[in-house]
Every structure is written in structure tokens, then in C-alpha cells.
file start.pdb (PDB, C-alpha atoms)
ATOM      1  CA  VAL T   1      31.185 -24.170 -92.356  1.00  0.00           C
ATOM      2  CA  LEU T   2      33.494 -27.167 -92.315  1.00  0.00           C
ATOM      3  CA  LEU T   3      33.083 -30.224 -90.106  1.00  0.00           C
ATOM      4  CA  LEU T   4      35.777 -32.879 -90.440  1.00  0.00           C
ATOM      5  CA  GLU T   5      35.326 -36.160 -88.615  1.00  0.00           C
ATOM      6  CA  SER T   6      38.067 -38.671 -87.873  1.00  0.00           C
ATOM      7  CA  GLY T   7      38.762 -41.682 -85.724  1.00  0.00           C
ATOM      8  CA  GLY T   8      36.577 -44.274 -87.370  1.00  0.00           C
ATOM      9  CA  ASP T   9      38.061 -47.736 -87.733  1.00  0.00           C
ATOM     10  CA  LEU T  10      37.441 -51.480 -87.774  1.00  0.00           C
ATOM     11  CA  VAL T  11      37.161 -52.725 -84.189  1.00  0.00           C
ATOM     12  CA  GLN T  12      36.139 -55.984 -82.556  1.00  0.00           C
ATOM     13  CA  PRO T  13      32.970 -56.240 -80.479  1.00  0.00           C
ATOM     14  CA  GLY T  14      33.654 -54.945 -76.995  1.00  0.00           C
ATOM     15  CA  GLY T  15      36.290 -52.539 -78.226  1.00  0.00           C
ATOM     16  CA  SER T  16      36.455 -48.762 -77.962  1.00  0.00           C
ATOM     17  CA  LEU T  17      36.912 -45.835 -80.292  1.00  0.00           C
ATOM     18  CA  LYS T  18      37.085 -42.080 -79.868  1.00  0.00           C
ATOM     19  CA  LEU T  19      35.792 -39.991 -82.720  1.00  0.00           C
ATOM     20  CA  SER T  20      36.780 -36.381 -83.306  1.00  0.00           C
ATOM     21  CA  CYS T  21      35.138 -33.592 -85.265  1.00  0.00           C
ATOM     22  CA  GLU T  22      37.190 -30.523 -86.122  1.00  0.00           C
ATOM     23  CA  ALA T  23      35.011 -27.500 -86.787  1.00  0.00           C
ATOM     24  CA  SER T  24      35.746 -24.282 -88.641  1.00  0.00           C
ATOM     25  CA  GLY T  25      33.940 -21.482 -90.401  1.00  0.00           C
ATOM     26  CA  PHE T  26      31.590 -20.632 -87.562  1.00  0.00           C
ATOM     27  CA  ASP T  27      31.659 -19.772 -83.869  1.00  0.00           C
ATOM     28  CA  PHE T  28      32.042 -23.287 -82.461  1.00  0.00           C
ATOM     29  CA  SER T  29      32.054 -22.137 -78.839  1.00  0.00           C
ATOM     30  CA  ASP T  30      28.620 -20.555 -79.332  1.00  0.00           C
ATOM     31  CA  THR T  31      27.053 -23.562 -81.055  1.00  0.00           C
ATOM     32  CA  ASP T  32      25.283 -26.641 -79.759  1.00  0.00           C
ATOM     33  CA  MET T  33      26.531 -29.786 -81.500  1.00  0.00           C
ATOM     34  CA  SER T  34      25.383 -33.325 -82.144  1.00  0.00           C
ATOM     35  CA  TRP T  35      26.573 -36.695 -83.358  1.00  0.00           C
ATOM     36  CA  VAL T  36      24.399 -38.731 -85.692  1.00  0.00           C
ATOM     37  CA  ARG T  37      24.964 -42.039 -87.452  1.00  0.00           C
ATOM     38  CA  GLN T  38      23.683 -43.875 -90.477  1.00  0.00           C
ATOM     39  CA  ALA T  39      23.995 -47.578 -91.085  1.00  0.00           C
ATOM     40  CA  PRO T  40      23.755 -49.043 -94.602  1.00  0.00           C
ATOM     41  CA  GLY T  41      20.171 -49.088 -95.802  1.00  0.00           C
ATOM     42  CA  LYS T  42      18.884 -47.260 -92.731  1.00  0.00           C
ATOM     43  CA  GLY T  43      17.876 -43.720 -91.935  1.00  0.00           C
ATOM     44  CA  LEU T  44      19.778 -41.090 -90.030  1.00  0.00           C
ATOM     45  CA  GLU T  45      19.863 -41.824 -86.311  1.00  0.00           C
ATOM     46  CA  TRP T  46      20.509 -39.236 -83.625  1.00  0.00           C
ATOM     47  CA  VAL T  47      23.202 -40.351 -81.158  1.00  0.00           C
ATOM     48  CA  SER T  48      24.011 -37.510 -78.793  1.00  0.00           C
ATOM     49  CA  SER T  49      24.031 -33.731 -78.337  1.00  0.00           C
ATOM     50  CA  ILE T  50      25.978 -31.264 -76.227  1.00  0.00           C
ATOM     51  CA  THR T  51      25.318 -27.632 -75.407  1.00  0.00           C
ATOM     52  CA  LYS T  52      27.756 -24.932 -76.426  1.00  0.00           C
ATOM     53  CA  THR T  53      29.363 -24.770 -72.993  1.00  0.00           C
ATOM     54  CA  GLY T  54      29.544 -28.535 -72.659  1.00  0.00           C
ATOM     55  CA  ASN T  55      27.618 -28.392 -69.417  1.00  0.00           C
ATOM     56  CA  THR T  56      24.652 -30.398 -70.637  1.00  0.00           C
ATOM     57  CA  THR T  57      24.629 -33.565 -72.700  1.00  0.00           C
ATOM     58  CA  TYR T  58      21.895 -35.691 -74.196  1.00  0.00           C
ATOM     59  CA  TYR T  59      21.969 -39.284 -75.424  1.00  0.00           C
ATOM     60  CA  ALA T  60      19.794 -41.777 -77.187  1.00  0.00           C
ATOM     61  CA  GLU T  61      18.508 -43.830 -74.274  1.00  0.00           C
ATOM     62  CA  TYR T  62      20.000 -47.083 -75.489  1.00  0.00           C
ATOM     63  CA  LEU T  63      23.492 -45.553 -75.929  1.00  0.00           C
ATOM     64  CA  LYS T  64      23.979 -43.442 -72.818  1.00  0.00           C
ATOM     65  CA  ASP T  65      25.733 -46.155 -70.846  1.00  0.00           C
ATOM     66  CA  ARG T  66      28.390 -46.716 -73.510  1.00  0.00           C
ATOM     67  CA  PHE T  67      28.887 -43.401 -75.352  1.00  0.00           C
ATOM     68  CA  THR T  68      30.208 -40.079 -74.032  1.00  0.00           C
ATOM     69  CA  ILE T  69      30.067 -36.798 -75.895  1.00  0.00           C
ATOM     70  CA  SER T  70      32.450 -33.968 -75.047  1.00  0.00           C
ATOM     71  CA  ARG T  71      34.007 -30.878 -76.584  1.00  0.00           C
ATOM     72  CA  ASP T  72      37.069 -28.690 -76.376  1.00  0.00           C
ATOM     73  CA  ASN T  73      36.079 -25.186 -77.392  1.00  0.00           C
ATOM     74  CA  ALA T  74      39.693 -24.019 -77.312  1.00  0.00           C
ATOM     75  CA  LYS T  75      40.434 -26.547 -80.047  1.00  0.00           C
ATOM     76  CA  ASN T  76      37.129 -26.208 -81.913  1.00  0.00           C
ATOM     77  CA  THR T  77      36.734 -29.962 -81.584  1.00  0.00           C
ATOM     78  CA  LEU T  78      33.855 -32.257 -80.703  1.00  0.00           C
ATOM     79  CA  TYR T  79      34.411 -35.810 -79.462  1.00  0.00           C
ATOM     80  CA  LEU T  80      32.510 -39.048 -79.086  1.00  0.00           C
ATOM     81  CA  GLN T  81      33.967 -41.762 -76.868  1.00  0.00           C
ATOM     82  CA  MET T  82      32.414 -45.122 -77.660  1.00  0.00           C
ATOM     83  CA  ASN T  83      32.964 -48.107 -75.362  1.00  0.00           C
ATOM     84  CA  ASN T  84      31.840 -51.731 -75.460  1.00  0.00           C
ATOM     85  CA  LEU T  85      31.042 -51.424 -79.133  1.00  0.00           C
ATOM     86  CA  LYS T  86      28.516 -53.804 -80.660  1.00  0.00           C
ATOM     87  CA  THR T  87      28.017 -54.931 -84.246  1.00  0.00           C
ATOM     88  CA  ARG T  88      24.853 -52.853 -84.409  1.00  0.00           C
ATOM     89  CA  ASP T  89      26.960 -49.730 -83.785  1.00  0.00           C
ATOM     90  CA  SER T  90      28.505 -50.102 -87.247  1.00  0.00           C
ATOM     91  CA  ALA T  91      27.656 -46.973 -89.225  1.00  0.00           C
ATOM     92  CA  VAL T  92      28.978 -43.741 -90.658  1.00  0.00           C
ATOM     93  CA  TYR T  93      29.193 -41.272 -87.785  1.00  0.00           C
ATOM     94  CA  SER T  94      28.834 -37.571 -88.507  1.00  0.00           C
ATOM     95  CA  CYS T  95      28.919 -34.454 -86.412  1.00  0.00           C
ATOM     96  CA  ALA T  96      26.362 -31.746 -87.012  1.00  0.00           C
ATOM     97  CA  ILE T  97      25.356 -28.308 -85.869  1.00  0.00           C
ATOM     98  CA  GLN T  98      22.369 -28.608 -83.570  1.00  0.00           C
ATOM     99  CA  LEU T  99      19.773 -25.935 -84.240  1.00  0.00           C
ATOM    100  CA  SER T 100      16.703 -25.197 -82.129  1.00  0.00           C
ATOM    101  CA  ASN T 101      14.503 -26.869 -84.740  1.00  0.00           C
ATOM    102  CA  GLY T 102      16.735 -29.673 -85.964  1.00  0.00           C
ATOM    103  CA  LEU T 103      20.110 -30.346 -87.512  1.00  0.00           C
ATOM    104  CA  GLY T 104      22.103 -27.822 -89.481  1.00  0.00           C
ATOM    105  CA  GLU T 105      25.301 -28.429 -91.384  1.00  0.00           C
ATOM    106  CA  ARG T 106      26.682 -31.963 -91.163  1.00  0.00           C
ATOM    107  CA  GLY T 107      30.091 -33.392 -91.949  1.00  0.00           C
ATOM    108  CA  GLN T 108      30.879 -36.193 -94.385  1.00  0.00           C
ATOM    109  CA  GLY T 109      31.328 -38.669 -91.588  1.00  0.00           C
ATOM    110  CA  THR T 110      33.763 -41.362 -90.507  1.00  0.00           C
ATOM    111  CA  GLN T 111      33.165 -45.098 -90.868  1.00  0.00           C
ATOM    112  CA  VAL T 112      32.925 -47.261 -87.767  1.00  0.00           C
ATOM    113  CA  THR T 113      32.829 -51.001 -88.364  1.00  0.00           C
ATOM    114  CA  VAL T 114      32.386 -53.397 -85.469  1.00  0.00           C
ATOM    115  CA  SER T 115      33.152 -56.949 -86.482  1.00  0.00           C
ATOM    116  CA  SER T 116      35.043 -59.988 -85.325  1.00  0.00           C
TER     117      SER T 116
END

call {"tool": "encode", "arguments": {"input": "start.pdb", "output": "C-alpha cells"}}
result
Amino acid sequence: VLLLESGGDLVQPGGSLKLSCEASGFDFSDTDMSWVRQAPGKGLEWVSSITKTGNTTYYAEYLKDRFTISRDNAKNTLYLQMNNLKTRDSAVYSCAIQLSNGLGERGQGTQVTVSS
């Protein structure tokens, strides 16, 4: 299993970023996926999940108005569109396999820094 995130950057408050996660080594189109994040000195925080078909999505309540999860199974790629970013969104964002009882394999992550 390999999960490779990209798209993290330094952005000003109010800006947008789109993260990508390229997956390989497993049947991506048959796997539910999630995004999680971890800020310095804090624990892992669940952000969003999407079912294998992409038909159903789930969000942390306080993020659902600004973040959008999506996937392209033909490209084995998971996405996270983040709008109106806030300083508290600064973290390392990782994609992960979503199992029925928790998270499975997780990528190394991509750094998102929101600062003026």
C-alpha cells in the first residue's frame, strides 16, 4: 500500500488549497477513504471520509461548510478541496484507508500552513 499526498502549501487566511492523494498497491475503487490532520502538539483529527463509490461523504461538523472530499477512481486519486482557510487549519494532512473499525494505512502527509 502506498498513499502519496501532495498540494500542501503556505496560504493566507481566506485562501484555498486542493490536496491530492495518489493511491497504489490496493484496490482503490473498492476502498472507503478518509482525510485526517495533525497540528503540532495535538492529536490526530478526523476531517472527512468518502465511500468507495464516492456517493456518500462525511465531514467533521465544523469543517463541512468549507471542505469538500472527492475521488477519481479511474485515477486512483483522492482529493480534498479546502476553502476559506483559517489559521487553525494549519496541520499535516494525510489520507488514510477507512476500515469498518477505524483507520488503516495512512500516508506521510502534506503540510498546510495558513498564515498572513

call {"tool": "resolve_selection", "arguments": {"input": "start.pdb", "expression": "the PyMOL selection byres ((chain T and resi 59) around 6)", "output": "list in words"}}
result
Val47, Ser48, Tyr58, Ala60, Glu61 and Lys64 of chain T

call {"tool": "resolve_selection", "arguments": {"input": "start.pdb", "expression": "the PyMOL selection byres ((chain T and resi 102-113) around 6)", "output": "number ranges by chain"}}
result
T: 3-6, 8-10, 90-101, 114

call {"tool": "resolve_selection", "arguments": {"input": "start.pdb", "expression": "the PyMOL selection byres ((chain T and resi 50) around 10)", "output": "PyMOL selection string"}}
result
chain T and resi 31-35+48-49+51-59+69-71+78+98

call {"tool": "residues_around", "arguments": {"input": "start.pdb", "residues": "Asn76 of chain T", "least_positions_apart": "6", "cutoff": "7 Å", "atoms": "all atoms listed in the file", "output": "list in words"}}
result
Glu22, Ala23 and Phe28 of chain T

call {"tool": "closest_residue", "arguments": {"input": "start.pdb", "among": "T:Val1, T:Leu63, T:Cys21, T:Leu44", "to": "Thr77 of chain T", "atoms": "all atoms listed in the file"}}
result
T:Cys21

call {"tool": "residues_around", "arguments": {"input": "start.pdb", "residues": "Gln81 of chain T", "least_positions_apart": "5", "cutoff": "10 Å", "atoms": "all atoms listed in the file", "output": "short mmCIF file (atom, residue, chain, number, x, y, z; two decimals) with C-alpha atoms, in the coordinates of the input"}}
result
data_model
loop_
_atom_site.label_atom_id
_atom_site.label_comp_id
_atom_site.auth_asym_id
_atom_site.auth_seq_id
_atom_site.Cartn_x
_atom_site.Cartn_y
_atom_site.Cartn_z
CA SER T 16 36.46 -48.76 -77.96
CA LEU T 17 36.91 -45.84 -80.29
CA LYS T 18 37.08 -42.08 -79.87
CA LEU T 19 35.79 -39.99 -82.72
CA SER T 20 36.78 -36.38 -83.31
CA ARG T 66 28.39 -46.72 -73.51
CA PHE T 67 28.89 -43.40 -75.35
CA THR T 68 30.21 -40.08 -74.03
CA ILE T 69 30.07 -36.80 -75.90
CA SER T 70 32.45 -33.97 -75.05
#

call {"tool": "closest_residue", "arguments": {"input": "start.pdb", "among": "T:Ala74, T:Leu2, T:Met82, T:Ala39", "to": "Gly14 of chain T", "atoms": "only C-alpha atoms"}}
result
T:Met82

call {"tool": "residues_around", "arguments": {"input": "start.pdb", "residues": "Glu45 of chain T", "least_positions_apart": "5", "cutoff": "7 Å", "atoms": "all atoms listed in the file", "output": "VMD selection string"}}
result
chain T and resid 36 to 38

call {"tool": "atom_distance", "arguments": {"input": "start.pdb", "atom1": "atom CA of Ser24 of chain T", "atom2": "atom CA of Trp46 of chain T"}}
result
21.9 Å

call {"tool": "atom_distance", "arguments": {"input": "start.pdb", "atom1": "atom CA of Gln12 of chain T", "atom2": "atom CA of Arg88 of chain T"}}
result
11.9 Å

call {"tool": "atom_distance", "arguments": {"input": "start.pdb", "atom1": "atom CA of Ser115 of chain T", "atom2": "atom CA of Leu80 of chain T"}}
result
19.4 Å

call {"tool": "closest_residue", "arguments": {"input": "start.pdb", "among": "T:Asp89, T:Lys75, T:Gly25, T:Gly41", "to": "Tyr62 of chain T", "atoms": "only C-alpha atoms"}}
result
T:Asp89

call {"tool": "axis_aligned_box", "arguments": {"input": "start.pdb", "around": "segment 67-80 of chain T", "padding_each_side": "4 Å", "output": "JSON"}}
result
{"center_x": 34.7, "center_y": -33.7, "center_z": -78.0, "size_x": 19.5, "size_y": 27.4, "size_z": 15.9}

call {"tool": "decode", "arguments": {"input": "start.pdb", "residues": "segment 44-63 of chain T", "atoms": "N, CA, C and O atoms", "output": "CSV table (one decimal), in the first residue's frame"}}
result
chain,number,residue,atom,x,y,z
T,44,LEU,N,-4.3,13.3,16.4
T,44,LEU,CA,-4.8,13.1,15.1
T,44,LEU,C,-6.3,13.5,15.1
T,44,LEU,O,-7.1,13.0,15.9
T,45,GLU,N,-6.7,14.2,14.1
T,45,GLU,CA,-8.1,14.7,14.0
T,45,GLU,C,-8.7,14.2,12.7
T,45,GLU,O,-8.1,14.5,11.6
T,46,TRP,N,-9.8,13.6,12.7
T,46,TRP,CA,-10.5,13.2,11.6
T,46,TRP,C,-11.1,14.4,10.9
T,46,TRP,O,-11.8,15.2,11.5
T,47,VAL,N,-11.0,14.4,9.5
T,47,VAL,CA,-11.5,15.6,8.7
T,47,VAL,C,-12.7,15.2,7.9
T,47,VAL,O,-13.8,15.8,8.0
T,48,SER,N,-12.6,14.1,7.1
T,48,SER,CA,-13.6,13.7,6.2
T,48,SER,C,-13.4,12.3,5.7
T,48,SER,O,-12.3,11.8,5.7
T,49,SER,N,-14.5,11.7,5.3
T,49,SER,CA,-14.5,10.4,4.7
T,49,SER,C,-15.4,10.3,3.5
T,49,SER,O,-16.3,11.1,3.3
T,50,ILE,N,-15.1,9.3,2.6
T,50,ILE,CA,-15.9,9.1,1.4
T,50,ILE,C,-16.0,7.7,1.1
T,50,ILE,O,-15.0,6.9,1.3
T,51,THR,N,-17.2,7.2,0.7
T,51,THR,CA,-17.3,5.8,0.4
T,51,THR,C,-16.6,5.5,-0.9
T,51,THR,O,-16.3,6.3,-1.7
T,52,LYS,N,-16.5,4.2,-1.2
T,52,LYS,CA,-15.7,3.7,-2.3
T,52,LYS,C,-16.3,4.2,-3.7
T,52,LYS,O,-15.5,4.4,-4.6
T,53,THR,N,-17.6,4.4,-3.8
T,53,THR,CA,-18.2,4.9,-5.0
T,53,THR,C,-18.1,6.4,-5.1
T,53,THR,O,-18.4,7.0,-6.2
T,54,GLY,N,-17.9,7.0,-4.0
T,54,GLY,CA,-17.9,8.5,-3.9
T,54,GLY,C,-19.3,9.1,-3.7
T,54,GLY,O,-19.5,10.3,-3.7
T,55,ASN,N,-20.3,8.2,-3.5
T,55,ASN,CA,-21.7,8.6,-3.4
T,55,ASN,C,-22.0,9.3,-2.1
T,55,ASN,O,-23.0,10.1,-2.0
T,56,THR,N,-21.3,8.9,-1.1
T,56,THR,CA,-21.6,9.4,0.3
T,56,THR,C,-20.3,9.9,0.9
T,56,THR,O,-19.2,9.3,0.8
T,57,THR,N,-20.5,11.1,1.5
T,57,THR,CA,-19.3,11.8,2.1
T,57,THR,C,-19.7,12.1,3.6
T,57,THR,O,-20.9,12.3,3.9
T,58,TYR,N,-18.7,12.3,4.4
T,58,TYR,CA,-18.9,12.6,5.8
T,58,TYR,C,-17.8,13.7,6.1
T,58,TYR,O,-16.7,13.6,5.7
T,59,TYR,N,-18.2,14.6,7.0
T,59,TYR,CA,-17.3,15.7,7.4
T,59,TYR,C,-17.4,15.9,8.9
T,59,TYR,O,-18.5,15.7,9.5
T,60,ALA,N,-16.3,16.3,9.5
T,60,ALA,CA,-16.3,16.9,10.8
T,60,ALA,C,-17.3,18.1,10.7
T,60,ALA,O,-17.2,18.9,9.8
T,61,GLU,N,-18.2,18.2,11.7
T,61,GLU,CA,-19.2,19.2,11.6
T,61,GLU,C,-18.7,20.6,11.4
T,61,GLU,O,-19.3,21.4,10.6
T,62,TYR,N,-17.6,20.9,12.0
T,62,TYR,CA,-17.1,22.3,11.9
T,62,TYR,C,-16.4,22.6,10.6
T,62,TYR,O,-15.9,23.7,10.5
T,63,LEU,N,-16.2,21.6,9.8
T,63,LEU,CA,-15.5,21.8,8.5
T,63,LEU,C,-16.4,21.6,7.3
T,63,LEU,O,-15.9,22.0,6.2
